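A.B. asks: Data: entry29.csv, CSV, C-alpha atoms and all ligand atoms.
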chain,number,residue,atom,x,y,z
A,155,MET,CA,5.0,21.6,9.9
A,156,HIS,CA,1.8,21.1,7.9
A,157,VAL,CA,1.5,17.9,5.9
A,158,LEU,CA,-0.9,17.2,3.1
A,159,ILE,CA,-1.6,13.4,3.0
A,160,THR,CA,-3.5,12.1,-0.1
A,161,GLY,CA,-5.3,8.9,0.5
A,162,GLY,CA,-5.1,9.3,4.2
A,163,ALA,CA,-8.3,7.4,4.8
A,164,GLY,CA,-6.9,4.3,3.2
A,165,PHE,CA,-4.9,1.5,4.7
A,166,ILE,CA,-1.3,2.8,4.5
A,167,GLY,CA,-2.3,6.5,4.5
A,168,ALA,CA,-4.3,6.2,7.7
A,169,ASN,CA,-1.5,4.5,9.5
A,170,PHE,CA,0.8,7.2,8.2
A,171,VAL,CA,-1.5,9.9,9.6
A,172,HIS,CA,-1.5,8.2,13.1
A,173,GLN,CA,2.3,7.8,12.9
A,174,THR,CA,2.9,11.4,11.8
A,175,LEU,CA,0.9,12.9,14.6
A,176,ARG,CA,2.8,10.7,17.1
A,177,ARG,CA,6.2,11.4,15.7
A,178,PHE,CA,5.8,15.2,15.3
A,179,PRO,CA,3.8,16.6,18.2
A,180,GLU,CA,3.8,20.1,16.6
A,181,ALA,CA,2.6,18.8,13.1
A,182,THR,CA,-0.8,19.3,11.6
A,183,VAL,CA,-2.3,17.3,8.8
A,184,THR,CA,-4.8,17.7,6.0
A,185,VAL,CA,-6.0,14.4,4.5
A,186,LEU,CA,-7.3,14.7,0.9
A,187,ASP,CA,-9.3,11.6,0.2
A,188,LYS,CA,-12.2,10.8,-2.1
A,189,LEU,CA,-13.6,8.2,0.3
A,190,THR,CA,-14.0,5.6,-2.4
A,191,TYR,CA,-15.1,2.1,-1.4
A,192,ALA,CA,-11.5,1.7,0.0
A,193,GLY,CA,-11.5,4.9,2.2
A,194,ASN,CA,-12.8,4.7,5.7
A,195,GLN,CA,-13.3,7.8,7.9
A,196,GLY,CA,-13.4,5.5,10.9
A,197,SER,CA,-9.6,4.9,10.5
A,198,LEU,CA,-9.0,8.5,11.5
A,199,GLU,CA,-11.2,8.5,14.5
A,200,GLY,CA,-9.9,10.6,17.5
A,201,LEU,CA,-7.4,12.6,15.4
A,202,GLU,CA,-9.8,15.4,14.5
A,203,GLU,CA,-8.0,18.1,16.5
A,204,ARG,CA,-4.8,17.9,14.4
A,205,ALA,CA,-6.0,16.2,11.2
A,206,THR,CA,-8.6,17.7,8.9
A,207,LEU,CA,-10.3,15.5,6.4
A,208,VAL,CA,-11.1,17.1,3.0
A,209,VAL,CA,-13.3,14.8,1.0
A,210,GLY,CA,-12.3,15.3,-2.6
A,211,ASP,CA,-10.6,14.0,-5.8
A,212,ILE,CA,-6.9,14.3,-6.4
A,213,ALA,CA,-7.7,14.6,-10.1
A,214,ASP,CA,-9.7,17.9,-9.4
A,215,ALA,CA,-7.2,20.8,-9.8
A,216,ASP,CA,-9.5,23.3,-8.0
A,217,THR,CA,-9.6,21.1,-4.9
A,218,VAL,CA,-5.9,20.2,-5.0
A,219,ASP,CA,-4.4,23.6,-5.6
A,220,PRO,CA,-5.3,25.5,-2.4
A,221,LEU,CA,-4.4,22.4,-0.3
A,222,VAL,CA,-1.0,22.1,-1.8
A,223,ALA,CA,-0.5,25.9,-1.4
A,224,GLN,CA,-1.0,25.5,2.4
A,225,ALA,CA,1.3,22.5,2.8
A,226,ASP,CA,5.0,22.3,3.6
A,227,VAL,CA,5.1,18.7,2.2
A,228,VAL,CA,2.8,16.5,0.3
A,229,VAL,CA,2.9,12.7,0.8
A,230,HIS,CA,0.9,11.1,-1.9
A,231,PHE,CA,-0.7,7.7,-1.1
A,232,ALA,CA,-4.1,8.1,-2.9
A,233,ALA,CA,-4.6,5.4,-5.6
A,234,GLU,CA,-6.8,2.7,-6.8
A,235,SER,CA,-4.7,-0.1,-5.3
A,236,HIS,CA,-6.3,-3.5,-6.0
A,237,ASN,CA,-5.0,-5.7,-8.9
A,238,ASP,CA,-8.2,-7.8,-9.1
A,239,ASN,CA,-10.4,-4.6,-9.5
A,240,SER,CA,-8.1,-3.3,-12.2
A,241,LEU,CA,-8.7,-6.4,-14.2
A,242,ASN,CA,-12.5,-5.9,-14.0
A,243,ASP,CA,-12.5,-2.2,-14.7
A,244,PRO,CA,-9.2,-0.3,-15.4
A,245,SER,CA,-10.8,3.1,-15.9
A,246,PRO,CA,-10.6,4.5,-12.3
A,247,PHE,CA,-7.0,3.3,-12.2
A,248,ILE,CA,-6.1,5.5,-15.2
A,249,ARG,CA,-7.9,8.5,-13.8
A,250,THR,CA,-6.8,8.4,-10.2
A,251,ASN,CA,-3.3,7.0,-10.6
A,252,LEU,CA,-2.3,8.9,-13.7
A,253,VAL,CA,-4.5,12.0,-14.0
A,254,GLY,CA,-4.6,12.4,-10.2
A,255,THR,CA,-0.8,12.2,-9.9
A,256,PHE,CA,-0.4,14.6,-12.8
A,257,THR,CA,-2.8,17.1,-11.1
A,258,LEU,CA,-0.8,17.0,-7.9
A,259,LEU,CA,2.5,17.4,-9.8
A,260,GLU,CA,1.2,20.5,-11.5
A,261,ALA,CA,0.2,22.0,-8.1
A,262,VAL,CA,3.5,21.3,-6.4
A,263,ARG,CA,5.3,22.8,-9.5
A,264,ARG,CA,3.2,26.0,-9.1
A,265,HIS,CA,3.8,26.2,-5.3
A,266,LYS,CA,7.3,24.8,-5.1
A,267,THR,CA,6.2,22.2,-2.5
A,268,ARG,CA,8.2,19.2,-1.4
A,269,PHE,CA,6.5,16.1,-2.8
A,270,HIS,CA,6.9,12.4,-2.0
A,271,HIS,CA,5.3,9.8,-4.3
A,272,VAL,CA,4.4,6.4,-2.7
A,273,SER,CA,4.6,3.6,-5.2
A,274,THR,CA,4.9,-0.2,-5.5
A,275,ASP,CA,7.4,-2.9,-6.3
A,276,GLU,CA,4.9,-4.2,-8.9
A,277,VAL,CA,6.2,-1.6,-11.4
A,278,TYR,CA,9.1,-4.0,-12.0
A,279,GLY,CA,7.0,-6.9,-13.0
A,280,ASP,CA,7.7,-10.3,-11.4
A,281,LEU,CA,10.7,-12.6,-10.8
A,282,GLU,CA,11.0,-16.4,-11.3
A,283,LEU,CA,10.8,-18.4,-8.1
A,284,ASP,CA,14.5,-19.6,-8.4
A,285,ASP,CA,15.9,-16.2,-9.6
A,286,PRO,CA,18.7,-15.1,-7.2
A,287,ALA,CA,18.0,-11.5,-8.2
A,288,LYS,CA,15.8,-9.1,-6.3
A,289,PHE,CA,14.4,-5.7,-7.5
A,290,THR,CA,16.8,-2.8,-7.3
A,291,PRO,CA,16.3,0.9,-8.3
A,292,GLU,CA,18.0,0.0,-11.6
A,293,THR,CA,15.6,-2.9,-12.5
A,294,PRO,CA,13.7,-2.0,-15.8
A,295,TYR,CA,10.0,-1.2,-15.5
A,296,ASN,CA,7.9,-4.1,-16.7
A,297,PRO,CA,4.4,-3.9,-15.1
A,298,SER,CA,1.8,-6.7,-15.7
A,299,SER,CA,-1.6,-5.5,-14.7
A,300,PRO,CA,-3.6,-2.3,-15.4
A,301,TYR,CA,-2.9,-1.4,-11.7
A,302,SER,CA,0.8,-1.8,-11.9
A,303,ALA,CA,1.0,-0.1,-15.3
A,304,SER,CA,-0.8,2.9,-14.0
A,305,LYS,CA,1.5,3.1,-11.0
A,306,ALA,CA,4.5,2.7,-13.3
A,307,GLY,CA,3.2,5.6,-15.4
A,308,SER,CA,2.7,7.8,-12.3
A,309,ASP,CA,6.3,7.1,-11.3
A,310,LEU,CA,7.5,8.2,-14.7
A,311,LEU,CA,5.5,11.4,-14.5
A,312,VAL,CA,7.2,12.2,-11.2
A,313,ARG,CA,10.7,11.6,-12.7
A,314,ALA,CA,9.8,13.8,-15.7
A,315,TRP,CA,8.6,16.7,-13.5
A,316,VAL,CA,11.8,16.5,-11.5
A,317,ARG,CA,14.0,16.6,-14.5
A,318,SER,CA,12.1,19.0,-16.7
A,319,PHE,CA,10.6,21.4,-14.1
A,320,GLY,CA,12.9,20.9,-11.1
A,321,ILE,CA,10.3,20.0,-8.6
A,322,GLU,CA,11.6,18.6,-5.3
A,323,ALA,CA,10.3,15.1,-5.3
A,324,THR,CA,11.3,11.6,-4.2
A,325,ILE,CA,9.7,8.2,-5.0
A,326,SER,CA,9.5,5.0,-2.9
A,327,ASN,CA,8.5,1.6,-4.2
A,328,CYS,CA,7.5,-0.8,-1.5
A,329,SER,CA,6.6,-4.5,-1.3
A,330,ASN,CA,3.3,-6.0,0.2
A,331,ASN,CA,2.1,-4.4,3.4
A,332,TYR,CA,0.2,-5.9,6.2
A,333,GLY,CA,-1.2,-4.6,9.5
A,334,PRO,CA,-4.3,-2.8,10.9
A,335,TYR,CA,-6.8,-0.9,8.8
A,336,GLN,CA,-6.2,-2.9,5.6
A,337,HIS,CA,-9.2,-3.3,3.4
A,338,ILE,CA,-10.7,-6.9,3.6
A,339,GLU,CA,-10.5,-7.3,-0.2
A,340,LYS,CA,-6.8,-7.9,0.3
A,341,PHE,CA,-5.2,-11.3,0.9
A,342,ILE,CA,-4.3,-11.4,4.6
A,343,PRO,CA,-7.4,-9.5,6.0
A,344,ARG,CA,-9.7,-11.5,3.7
A,345,GLN,CA,-8.5,-14.8,5.1
A,346,ILE,CA,-8.5,-13.6,8.8
A,347,THR,CA,-12.1,-12.3,8.5
A,348,ASN,CA,-13.2,-15.4,6.6
A,349,LEU,CA,-12.0,-17.5,9.5
A,350,ILE,CA,-13.7,-15.3,12.0
A,351,ASP,CA,-16.9,-16.0,10.0
A,352,GLY,CA,-16.2,-19.7,9.9
A,353,VAL,CA,-15.3,-19.7,6.2
A,354,ARG,CA,-12.3,-21.5,4.7
A,355,PRO,CA,-9.5,-19.2,3.4
A,356,LYS,CA,-9.3,-18.9,-0.4
A,357,LEU,CA,-5.9,-19.5,-2.2
A,358,TYR,CA,-5.5,-18.4,-5.8
A,359,GLY,CA,-4.2,-21.3,-7.9
A,360,ALA,CA,-1.6,-23.5,-6.3
A,361,GLY,CA,-0.5,-20.8,-3.8
A,362,GLN,CA,3.1,-20.8,-4.9
A,363,ASN,CA,3.2,-17.0,-5.6
A,364,VAL,CA,5.7,-15.2,-3.4
A,365,ARG,CA,5.2,-11.8,-1.8
A,366,ASP,CA,7.8,-9.9,0.2
A,367,TRP,CA,5.8,-8.9,3.4
A,368,ILE,CA,6.5,-5.8,5.4
A,369,HIS,CA,4.6,-4.3,8.3
A,370,VAL,CA,2.8,-1.1,7.4
A,371,LEU,CA,4.5,0.8,10.3
A,372,ASP,CA,8.0,-0.1,8.9
A,373,HIS,CA,6.9,1.1,5.4
A,374,ASN,CA,5.8,4.4,6.8
A,375,ASP,CA,8.9,5.0,9.0
A,376,ALA,CA,10.9,4.5,5.8
A,377,VAL,CA,8.7,7.1,4.0
A,378,TRP,CA,9.5,9.7,6.7
A,379,ASP,CA,13.2,8.9,6.5
A,380,ILE,CA,13.0,9.5,2.7
A,381,VAL,CA,11.1,12.7,3.1
A,382,ASN,CA,13.6,14.0,5.7
A,383,LYS,CA,16.9,12.7,4.4
A,384,GLY,CA,16.3,11.3,0.9
A,385,ARG,CA,18.0,12.9,-2.1
A,386,ILE,CA,15.8,14.8,-4.5
A,387,GLY,CA,14.9,13.0,-7.6
A,388,GLU,CA,15.9,9.6,-6.2
A,389,THR,CA,14.0,6.4,-6.0
A,390,TYR,CA,14.2,4.2,-2.8
A,391,LEU,CA,13.0,0.6,-2.6
A,392,ILE,CA,11.4,-0.3,0.7
A,393,GLY,CA,11.3,-4.0,1.8
A,394,ALA,CA,12.1,-6.0,4.9
A,395,ASN,CA,13.4,-9.3,3.5
A,396,GLY,CA,10.0,-10.9,4.2
A,397,GLU,CA,9.5,-13.3,1.3
A,398,LYS,CA,6.8,-16.0,1.8
A,399,ASN,CA,4.6,-17.9,-0.6
A,400,ASN,CA,0.8,-17.5,-0.2
A,401,LYS,CA,0.4,-21.1,0.9
A,402,GLU,CA,2.8,-20.5,3.8
A,403,VAL,CA,1.0,-17.4,4.8
A,404,VAL,CA,-2.5,-19.1,4.8
A,405,GLU,CA,-1.1,-22.0,6.8
A,406,LEU,CA,0.3,-19.6,9.4
A,407,ILE,CA,-3.0,-17.7,9.7
A,408,LEU,CA,-4.8,-21.0,10.1
A,409,GLU,CA,-2.3,-22.1,12.8
A,410,LEU,CA,-2.5,-18.8,14.7
A,411,MET,CA,-6.3,-19.0,14.6
A,412,GLY,CA,-6.5,-22.6,15.9
A,413,HIS,CA,-7.3,-24.5,12.6
A,414,GLU,CA,-5.7,-27.4,10.8
A,415,PRO,CA,-3.0,-26.3,8.2
A,416,ASP,CA,-4.9,-27.7,5.2
A,417,ASP,CA,-8.3,-26.1,6.1
A,418,TYR,CA,-8.4,-23.9,3.0
A,419,ASP,CA,-9.8,-24.0,-0.6
A,420,HIS,CA,-8.0,-23.5,-3.9
A,421,VAL,CA,-9.9,-21.1,-6.1
A,422,ASN,CA,-9.6,-19.6,-9.6
A,423,ASP,CA,-6.2,-18.0,-10.2
A,424,ARG,CA,-5.8,-14.3,-11.0
A,425,PRO,CA,-5.2,-13.7,-14.8
A,426,GLY,CA,-1.6,-12.7,-15.4
A,427,HIS,CA,-0.8,-13.4,-11.7
A,428,ASP,CA,2.7,-12.1,-10.9
A,429,MET,CA,4.8,-15.0,-9.5
A,430,ARG,CA,7.3,-13.4,-7.2
A,431,TYR,CA,8.3,-10.0,-5.8
A,432,ALA,CA,11.5,-9.4,-3.8
A,433,ILE,CA,13.1,-6.1,-2.7
A,434,ASP,CA,16.8,-5.3,-2.4
A,435,ASN,CA,16.7,-2.6,0.3
A,436,THR,CA,20.5,-1.9,0.3
A,437,LYS,CA,20.2,1.8,-0.8
A,438,LEU,CA,17.6,2.6,1.9
A,439,VAL,CA,19.5,0.9,4.6
A,440,GLN,CA,23.0,2.1,3.7
A,441,GLU,CA,22.1,5.6,2.7
A,442,LEU,CA,19.4,6.6,5.2
A,443,GLY,CA,20.0,4.1,8.0
A,444,TRP,CA,16.5,2.8,8.0
A,445,GLU,CA,15.9,-0.6,9.7
A,446,PRO,CA,12.6,-2.5,10.1
A,447,ARG,CA,11.2,-2.9,13.6
A,448,PHE,CA,8.7,-5.7,12.8
A,449,THR,CA,11.1,-8.5,11.8
A,450,ASP,CA,9.1,-11.3,13.3
A,451,PHE,CA,6.3,-12.0,10.8
A,452,ARG,CA,4.6,-14.5,13.1
A,453,SER,CA,4.1,-12.0,15.9
A,454,GLY,CA,3.2,-9.2,13.5
A,455,LEU,CA,0.6,-11.4,12.0
A,456,ALA,CA,-0.7,-12.5,15.4
A,457,GLU,CA,-1.2,-8.8,16.3
A,458,THR,CA,-2.9,-8.1,13.0
A,459,ILE,CA,-5.3,-11.0,13.7
A,460,ALA,CA,-6.0,-9.6,17.1
A,461,TRP,CA,-6.8,-6.2,15.6
A,462,TYR,CA,-9.4,-7.7,13.2
A,463,ARG,CA,-11.0,-9.6,16.1
A,464,ASP,CA,-11.1,-6.4,18.2
A,465,ASN,CA,-12.4,-4.1,15.4
A,466,GLU,CA,-15.2,-6.1,13.8
A,467,ALA,CA,-17.3,-2.9,13.6
A,468,TRP,CA,-14.7,-1.4,11.3
A,469,TRP,CA,-14.8,-4.2,8.7
A,470,ARG,CA,-18.1,-6.0,9.2
A,471,PRO,CA,-20.2,-3.6,6.9
A,472,LEU,CA,-17.8,-4.4,4.0
A,473,LYS,CA,-17.7,-8.2,4.2
A,474,ALA,CA,-20.8,-9.4,2.4
A,475,GLU,CA,-20.2,-7.2,-0.6
A,476,VAL,CA,-16.6,-8.2,-0.9
A,477,GLU,CA,-17.3,-11.9,-0.7
A,478,ALA,CA,-20.2,-11.7,-3.2
A,479,LYS,CA,-17.8,-10.0,-5.7
A,480,TYR,CA,-15.2,-12.7,-5.3
A,481,ALA,CA,-17.8,-15.5,-5.4
A,482,ALA,CA,-19.0,-14.2,-8.8
A,483,GLN,CA,-15.4,-14.6,-10.1
A,484,GLY,CA,-15.1,-18.2,-8.7
A,485,GLN,CA,-12.7,-16.8,-6.1
B,1,LIG,P1,-6.1,1.7,-0.2
B,1,LIG,O1,-6.8,1.3,-1.4
B,1,LIG,O2,-6.3,1.1,1.1
B,1,LIG,O3,-6.3,3.3,0.0
B,1,LIG,C1,-6.4,4.2,-1.1
B,1,LIG,C2,-7.0,5.5,-0.6
B,1,LIG,O4,-7.0,6.5,-1.6
B,1,LIG,C3,-8.5,5.3,-0.1
B,1,LIG,O5,-8.7,6.0,1.1
B,1,LIG,C4,-9.3,6.0,-1.2
B,1,LIG,O6,-10.5,6.6,-0.8
B,1,LIG,C5,-8.3,7.1,-1.7
B,1,LIG,N1,-8.6,7.5,-3.1
B,1,LIG,C6,-8.7,6.7,-4.2
B,1,LIG,N2,-8.9,7.4,-5.3
B,1,LIG,C7,-8.9,8.7,-4.9
B,1,LIG,C8,-9.0,10.0,-5.6
B,1,LIG,N3,-9.2,10.0,-6.9
B,1,LIG,N4,-8.8,11.1,-4.9
B,1,LIG,C9,-8.6,11.1,-3.5
B,1,LIG,N5,-8.5,9.9,-2.8
B,1,LIG,C10,-8.6,8.8,-3.5
B,1,LIG,O7,-4.5,1.7,-0.7
B,1,LIG,P2,-3.2,1.3,0.2
B,1,LIG,O8,-3.0,-0.1,0.2
B,1,LIG,O9,-3.3,2.1,1.5
B,1,LIG,O10,-2.1,1.9,-0.8
B,1,LIG,C11,-1.7,3.3,-0.6
B,1,LIG,C12,-0.6,3.6,-1.6
B,1,LIG,O11,0.5,2.7,-1.4
B,1,LIG,C13,-1.0,3.4,-3.1
B,1,LIG,O12,-0.4,4.4,-3.8
B,1,LIG,C14,-0.4,2.0,-3.4
B,1,LIG,O13,-0.1,1.9,-4.8
B,1,LIG,C15,0.9,2.0,-2.6
B,1,LIG,N6,1.4,0.7,-2.1
B,1,LIG,C16,0.6,-0.2,-1.5
B,1,LIG,C17,1.1,-1.4,-1.0
B,1,LIG,C18,0.2,-2.4,-0.3
B,1,LIG,O14,0.7,-3.5,0.0
B,1,LIG,N7,-1.0,-2.1,0.0
B,1,LIG,C19,2.4,-1.7,-1.2
B,1,LIG,C20,3.2,-0.7,-1.9
B,1,LIG,C21,2.7,0.5,-2.3
B,2,LIG,O1,3.6,-5.5,-4.0
B,2,LIG,C1,2.9,-4.4,-3.5
B,2,LIG,C2,1.4,-4.5,-3.9
B,2,LIG,O2,0.9,-5.5,-3.0
B,2,LIG,C3,0.6,-3.2,-3.8
B,2,LIG,O3,1.1,-2.4,-4.8
B,2,LIG,C4,-0.9,-3.4,-4.0
B,2,LIG,O4,-1.6,-2.2,-3.8
B,2,LIG,C5,-1.3,-4.4,-3.0
B,2,LIG,O5,-2.7,-4.7,-3.2
B,2,LIG,C6,-0.5,-5.7,-3.1
B,2,LIG,O6,-0.8,-6.4,-4.3
B,2,LIG,P1,-1.0,-8.0,-4.4
B,2,LIG,O7,-1.8,-8.2,-5.7
B,2,LIG,O8,0.3,-8.7,-4.2
B,2,LIG,O9,-1.9,-8.1,-3.1
B,2,LIG,P2,-3.2,-9.0,-2.7
B,2,LIG,O10,-3.5,-8.8,-1.3
B,2,LIG,O11,-4.3,-8.7,-3.7
B,2,LIG,O12,-2.7,-10.5,-3.0
B,2,LIG,C7,-1.5,-11.0,-2.4
B,2,LIG,C8,-1.3,-12.4,-3.0
B,2,LIG,O13,-2.4,-13.3,-2.5
B,2,LIG,C9,-1.4,-12.5,-4.5
B,2,LIG,O14,-0.4,-13.4,-4.9
B,2,LIG,C10,-2.8,-13.0,-4.8
B,2,LIG,C11,-3.1,-13.9,-3.6
B,2,LIG,N1,-4.5,-14.0,-3.1
B,2,LIG,C12,-5.2,-12.8,-3.0
B,2,LIG,C13,-6.5,-12.9,-2.5
B,2,LIG,C14,-7.3,-11.6,-2.3
B,2,LIG,C15,-5.0,-15.2,-2.8
B,2,LIG,O15,-4.4,-16.3,-3.0
B,2,LIG,N2,-6.3,-15.3,-2.3
B,2,LIG,C16,-7.1,-14.1,-2.1
B,2,LIG,O16,-8.2,-14.2,-1.7
Go through the file and emit its structure as structure tokens.
C.D. replies:
Amino acid sequence: MHVLITGGAGFIGANFVHQTLRRFPEATVTVLDKLTYAGNQGSLEGLEERATLVVGDIADADTVDPLVAQADVVVHFAAESHNDNSLNDPSPFIRTNLVGTFTLLEAVRRHKTRFHHVSTDEVYGDLELDDPAKFTPETPYNPSSPYSASKAGSDLLVRAWVRSFGIEATISNCSNNYGPYQHIEKFIPRQITNLIDGVRPKLYGAGQNVRDWIHVLDHNDAVWDIVNKGRIGETYLIGANGEKNNKEVVELILELMGHEPDDYDHVNDRPGHDMRYAIDNTKLVQELGWEPRFTDFRSGLAETIAWYRDNEAWWRPLKAEVEAKYAAQGQ
């Protein structure tokens, strides 16, 4: 089996490359990644024998076409992925998430290649804190930010290419991931690396916003289950019943790293900040038999903290620039 993994030098994609090579000893992988600020070749270190990195843009048809032609399956992670960046400059989100996905869809249509599109629960908008409902595959799309709107658009392109052109595609919409190799602009690794540097964690607004945390390895196991057993044209929601508000998460990081629970700062809130995400994973669990392995958030977080302590060389070169950008926004 030869797998084309777009965005395989990013957080979730790199973990997916490692998992794929472990899970399928005969498989080979091509990673197509533009190595934007979010891509890191170091995340693929040691895999060179079975994983080839092609540095290129998913929106460039001449690059994409021959790679899709060689693949048995395409798993599409590449995206501009950070909400805060999309509020400062939406344009790369439109090009990569929409034009990039379109370019891949045209190539899989030409070569009749199995395609899996990795998306986000943010396409559904947000929920009230006291709403008993969770997101289901039937929840209407209602994205809030340029990032989530561009991901919503990319999902709709995939659905249209399935219906109109009969491509063999599936879609997954997952909740917030945590684990190794996550860029330090994101909430959890930002706070861990701040504390390693003796800086207080930064909580947007009151910290009441809820995210439904899942370990990245659980997300990726579900993606393989969908690729192998999912029904063509279907959407599967991936989540592990991990709802926590941001204040709780910061307090747990502080405790695990030996600090007082109130040793953090409130900073400017994100404009249009989604209040709550929550996934109903019934379809994935009942239809495909997927179950999360990392159900203890405390120990998953402790392992993640240990990873950032042990891999300072991986994130250190990024830290000053990330923090300067946040400081300029009062965050
Ligand atoms: P990331 O930002 O860490 O990685 C994105 C990768 O895509 C980087 O390696 C980057 O270099 C590459 N890339 C960006 N533009 C490209 C282009 N034009 N051509 C080729 N490569 C390009 O993102 P992530 O957190 O790993 O997210 C991966 C996917 O999962 C995204 O589609 C995202 O929407 C989705 N997702 C993320 C989460 C989460 O919690 N992080 C949750 C649900 C879904
Ligand atoms: O729900 C899935 C989504 O999760 C993915 O589609 C996105 O790619 C991924 O980035 C993530 O989006 P969020 O916006 O939820 O993640 P982020 O890590 O940026 O922020 C998580 C929460 O923490 C959010 O409520 C904002 C808050 N936050 C974030 C940062 C960076 C803080 O309070 N302080 C911070 O310093």
A.B. asks: With only C-alpha atoms as the basis for distance, which of A:Ala456, A:Ala181, A:Ile350, A:Leu252 is at the shortest distance from Ala306 (chain A)?
C.D. replies: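 Comparing A:Ala456, A:Ala181, A:Ile350, A:Leu252 against Ala306 (chain A), the winner is A:Leu252.
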A.B. asks: Between A:Gly396, A:Asn435, A:Val404, A:Glu414, single out the one closest to Thr449 (chain A), counting all atoms listed in the file.
C.D. replies: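 Result for the nearest residue to Thr449 (chain A): A:Gly396.
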A.B. asks: Counting only C-alpha atoms and all ligand atoms, give me one row per residue of chain A with an atom at most 6 Å from an atom of ligand LIG 1 (chain B), showing the shortest contact pair and its distance in Å to one decimal, sorted by chain then residue number, as CSV.
C.D. replies:
residue,atom,partner,partner_atom,distance
A:Gly161,CA,B:LIG1,O4,3.6
A:Gly162,CA,B:LIG1,O5,5.8
A:Ala163,CA,B:LIG1,O5,4.0
A:Gly164,CA,B:LIG1,O5,3.2
A:Phe165,CA,B:LIG1,O9,3.6
A:Ile166,CA,B:LIG1,O9,3.7
A:Gly167,CA,B:LIG1,O9,5.4
A:Leu186,CA,B:LIG1,C9,5.8
A:Asp187,CA,B:LIG1,N5,3.5
A:Lys188,CA,B:LIG1,N5,3.9
A:Leu189,CA,B:LIG1,O6,3.7
A:Thr190,CA,B:LIG1,O6,4.0
A:Ala192,CA,B:LIG1,C3,4.7
A:Gly193,CA,B:LIG1,O5,3.2
A:Gly210,CA,B:LIG1,C9,5.7
A:Asp211,CA,B:LIG1,N4,3.5
A:Ile212,CA,B:LIG1,N4,4.0
A:Ala213,CA,B:LIG1,N3,5.8
A:Phe231,CA,B:LIG1,C12,4.1
A:Ala232,CA,B:LIG1,O4,3.6
A:Ala233,CA,B:LIG1,C6,4.5
A:Glu234,CA,B:LIG1,C6,5.1
A:Ser235,CA,B:LIG1,O1,4.6
A:Thr250,CA,B:LIG1,N3,4.4
A:Val272,CA,B:LIG1,O12,5.3
A:Ser273,CA,B:LIG1,C21,4.7
A:Thr274,CA,B:LIG1,C21,3.9
A:Cys328,CA,B:LIG1,C20,4.3
A:Ser329,CA,B:LIG1,C19,5.0
A:Asn330,CA,B:LIG1,O14,3.6
A:Asn331,CA,B:LIG1,O14,3.8
A:His337,CA,B:LIG1,O2,5.7
A.B. asks: Please return as number ranges by chain the residues found within 9 Å of ligand LIG 2 (chain B), counting only C-alpha atoms and all ligand atoms.
C.D. replies: A: 233-238, 273-277, 301-302, 305, 327-332, 338-345, 355-367, 399-401, 404, 420-421, 423-424, 427-432, 480, 485
A.B. asks: So that I have them on file, write out the residues from the current selection with C-alpha atoms, as a CSV table (one decimal), in the frame of the given file.
C.D. replies:
chain,number,residue,atom,x,y,z
A,233,ALA,CA,-4.6,5.4,-5.6
A,234,GLU,CA,-6.8,2.7,-6.8
A,235,SER,CA,-4.7,-0.1,-5.3
A,236,HIS,CA,-6.3,-3.5,-6.0
A,237,ASN,CA,-5.0,-5.7,-8.9
A,238,ASP,CA,-8.2,-7.8,-9.1
A,273,SER,CA,4.6,3.6,-5.2
A,274,THR,CA,4.9,-0.2,-5.5
A,275,ASP,CA,7.4,-2.9,-6.3
A,276,GLU,CA,4.9,-4.2,-8.9
A,277,VAL,CA,6.2,-1.6,-11.4
A,301,TYR,CA,-2.9,-1.4,-11.7
A,302,SER,CA,0.8,-1.8,-11.9
A,305,LYS,CA,1.5,3.1,-11.0
A,327,ASN,CA,8.5,1.6,-4.2
A,328,CYS,CA,7.5,-0.8,-1.5
A,329,SER,CA,6.6,-4.5,-1.3
A,330,ASN,CA,3.3,-6.0,0.2
A,331,ASN,CA,2.1,-4.4,3.4
A,332,TYR,CA,0.2,-5.9,6.2
A,338,ILE,CA,-10.7,-6.9,3.6
A,339,GLU,CA,-10.5,-7.3,-0.2
A,340,LYS,CA,-6.8,-7.9,0.3
A,341,PHE,CA,-5.2,-11.3,0.9
A,342,ILE,CA,-4.3,-11.4,4.6
A,343,PRO,CA,-7.4,-9.5,6.0
A,344,ARG,CA,-9.7,-11.5,3.7
A,345,GLN,CA,-8.5,-14.8,5.1
A,355,PRO,CA,-9.5,-19.2,3.4
A,356,LYS,CA,-9.3,-18.9,-0.4
A,357,LEU,CA,-5.9,-19.5,-2.2
A,358,TYR,CA,-5.5,-18.4,-5.8
A,359,GLY,CA,-4.2,-21.3,-7.9
A,360,ALA,CA,-1.6,-23.5,-6.3
A,361,GLY,CA,-0.5,-20.8,-3.8
A,362,GLN,CA,3.1,-20.8,-4.9
A,363,ASN,CA,3.2,-17.0,-5.6
A,364,VAL,CA,5.7,-15.2,-3.4
A,365,ARG,CA,5.2,-11.8,-1.8
A,366,ASP,CA,7.8,-9.9,0.2
A,367,TRP,CA,5.8,-8.9,3.4
A,399,ASN,CA,4.6,-17.9,-0.6
A,400,ASN,CA,0.8,-17.5,-0.2
A,401,LYS,CA,0.4,-21.1,0.9
A,404,VAL,CA,-2.5,-19.1,4.8
A,420,HIS,CA,-8.0,-23.5,-3.9
A,421,VAL,CA,-9.9,-21.1,-6.1
A,423,ASP,CA,-6.2,-18.0,-10.2
A,424,ARG,CA,-5.8,-14.3,-11.0
A,427,HIS,CA,-0.8,-13.4,-11.7
A,428,ASP,CA,2.7,-12.1,-10.9
A,429,MET,CA,4.8,-15.0,-9.5
A,430,ARG,CA,7.3,-13.4,-7.2
A,431,TYR,CA,8.3,-10.0,-5.8
A,432,ALA,CA,11.5,-9.4,-3.8
A,480,TYR,CA,-15.2,-12.7,-5.3
A,485,GLN,CA,-12.7,-16.8,-6.1
